[in-house]
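Working notes for the structure below.
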Amino acid sequence: MKRIVILSALLLIGIESTCQDHVVVKAGEDINNLLRSNYLFPEFMTARVLLKNETIVAKMNYNALSGQMEFIDPAGEILVLKSNAHAVVFPGHFFKQTSKGYLEVLADDLGIELLIHRRYRLGDVKKVGAYGTVSSTTSIDTYSSITTDQGLTSLTLADEKTYTKIHTYFIYAGGKYRVANKQAFNKVFGKQRQGLEEYLKKLPVNFSSEDDLLRLFRFCTE
C-alpha cells in the first residue's frame, strides 16, 4: 500500500508540476521559522492590492508554504491578507485570487492566460517515538492554514515532516482554469491543432518546465 501511495504522489508531481526542492522540519522546531524563510521574494515589497471597490498599497509578500499573501501593518506586524482581494500586483508580478489559490500570471493574450501556482506539499512524516527514534509514514495532503488574520500562528511540530515545493501550471480561458498539459492546449487552441501537433513533434515540450510552456504559449498566440 505504501508503495502505491508513493507512486501516486510521484505521478502527480510529474504530470502537473515541477519539484524544486525539499524542506525538512524536525520535531520540536517552530514552523514559523520555515514560514519566514520560504517567501517568494527576499523582502516585503510595495504592492497594490485590488479590492472590489478600491485599491490599497502595502508591503506584501507571498508565502509559498501557507499559500497566502501577507503584509506588514503600521505596527510592524506580519498579517494575512483577507480573501476579499481580487488581485495583488507586485513590480513585474501579477497575482490573481482564485478558487485554486493565488496564481501568478506568466503570460496573457486576448483573455487567455498562462499561470503558475507555487505551494508546498506535505510528504514524508516521521513519527517520533521513544528515545527520539523516528519511523516514516507517507502523505500527499497539502499543508495550509498555518497563518491567521492575527498574524503568524505559533506551531511546534511533534513529528518530523518533509515538504516538497510544487509548481503547478494552468491555462485560463473562457472562465475556466485547466492544468497546463497537452490536452488543455488542444482544448484552448483547438483551431491550431494541426500546427500544435507539428510543433510538439519538432520541439517536444516538458509541461513541467516554465520556459517550455512560455515558448509553447507564445507559439499558440502569435
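How things are named: the first chain in the C-alpha cells is A, the next is B, and so on; residues count from 1 in each chain; ligands count from 1 in the order shown.
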Pick out the residues sitting within 9 Å of Met69 (chain A), and hand them over as a PDB file with N, CA, C and O atoms, in the first residue's frame; count only C-alpha atoms, and ignore anything fewer than 4 positions along from it in its own chain.
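Here's the written file around.pdb:
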```pdb
ATOM      1  N   MET A  60       3.999  43.810   0.823  1.00  0.00           N
ATOM      2  CA  MET A  60       3.422  42.485   0.679  1.00  0.00           C
ATOM      3  C   MET A  60       4.490  41.444   0.355  1.00  0.00           C
ATOM      4  O   MET A  60       5.578  41.758  -0.111  1.00  0.00           O
ATOM      5  N   ASN A  61       4.125  40.175   0.578  1.00  0.00           N
ATOM      6  CA  ASN A  61       4.935  39.046   0.141  1.00  0.00           C
ATOM      7  C   ASN A  61       4.031  37.824   0.041  1.00  0.00           C
ATOM      8  O   ASN A  61       2.991  37.757   0.704  1.00  0.00           O
ATOM      9  N   TYR A  62       4.434  36.877  -0.794  1.00  0.00           N
ATOM     10  CA  TYR A  62       3.656  35.640  -0.949  1.00  0.00           C
ATOM     11  C   TYR A  62       4.359  34.517  -0.214  1.00  0.00           C
ATOM     12  O   TYR A  62       5.559  34.274  -0.420  1.00  0.00           O
ATOM     13  N   ASN A  63       3.621  33.829   0.654  1.00  0.00           N
ATOM     14  CA  ASN A  63       4.167  32.728   1.427  1.00  0.00           C
ATOM     15  C   ASN A  63       3.814  31.415   0.733  1.00  0.00           C
ATOM     16  O   ASN A  63       2.653  30.997   0.723  1.00  0.00           O
ATOM     17  N   ALA A  64       4.800  30.765   0.139  1.00  0.00           N
ATOM     18  CA  ALA A  64       4.544  29.554  -0.650  1.00  0.00           C
ATOM     19  C   ALA A  64       4.160  28.369   0.230  1.00  0.00           C
ATOM     20  O   ALA A  64       3.538  27.421  -0.266  1.00  0.00           O
ATOM     21  N   LEU A  79       0.724  40.183   8.922  1.00  0.00           N
ATOM     22  CA  LEU A  79      -0.652  39.708   8.940  1.00  0.00           C
ATOM     23  C   LEU A  79      -0.996  39.075   7.605  1.00  0.00           C
ATOM     24  O   LEU A  79      -0.331  39.293   6.593  1.00  0.00           O
ATOM     25  N   VAL A  80      -2.065  38.295   7.596  1.00  0.00           N
ATOM     26  CA  VAL A  80      -2.529  37.622   6.387  1.00  0.00           C
ATOM     27  C   VAL A  80      -3.579  38.480   5.699  1.00  0.00           C
ATOM     28  O   VAL A  80      -4.496  38.991   6.344  1.00  0.00           O
ATOM     29  N   LEU A  81      -3.440  38.623   4.385  1.00  0.00           N
ATOM     30  CA  LEU A  81      -4.422  39.357   3.610  1.00  0.00           C
ATOM     31  C   LEU A  81      -5.719  38.563   3.551  1.00  0.00           C
ATOM     32  O   LEU A  81      -5.716  37.374   3.244  1.00  0.00           O
ATOM     33  N   LYS A  82      -6.836  39.216   3.831  1.00  0.00           N
ATOM     34  CA  LYS A  82      -8.130  38.534   3.791  1.00  0.00           C
ATOM     35  C   LYS A  82      -8.479  38.158   2.364  1.00  0.00           C
ATOM     36  O   LYS A  82      -7.967  38.713   1.404  1.00  0.00           O
ATOM     37  N   VAL A  88      -3.233  40.927  -6.508  1.00  0.00           N
ATOM     38  CA  VAL A  88      -2.125  41.623  -5.857  1.00  0.00           C
ATOM     39  C   VAL A  88      -1.062  41.855  -6.917  1.00  0.00           C
ATOM     40  O   VAL A  88      -0.617  40.906  -7.576  1.00  0.00           O
ATOM     41  N   TYR A 102      -3.697  31.698  -4.920  1.00  0.00           N
ATOM     42  CA  TYR A 102      -3.086  32.804  -5.649  1.00  0.00           C
ATOM     43  C   TYR A 102      -2.280  32.255  -6.814  1.00  0.00           C
ATOM     44  O   TYR A 102      -1.313  31.509  -6.629  1.00  0.00           O
TER      45      TYR A 102
END
```
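We find CA of Gly76 (chain A) and CA of Leu51 (chain A) to be spaced 22.2 Å apart.
Proximity ranking of A:Asn84, A:Ala173, A:Leu106, A:Val49 relative to Asp211 (chain A) places A:Leu106 first, based on only C-alpha atoms.
Using only C-alpha atoms, the nearest neighbour of Ile78 (chain A) within the list A:Phe44, A:Leu203, A:Phe95, A:Glu104 is A:Phe44.
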Find the spatial neighbours of Phe207 (chain A), counting only C-alpha atoms, within a cut-off of 12 Å - ignore same-chain residues fewer than 3 positions away - and output them as a PyMOL selection string.
chain A and resi 13-18+114+116+167-171+179-185+200+204+210-217
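Across the model, the gap from CA of His117 (chain A) to CA of Leu103 (chain A) is 4.9 Å.
You will find CA of Glu113 (chain A) at 22.6 Å from CA of Lys165 (chain A).
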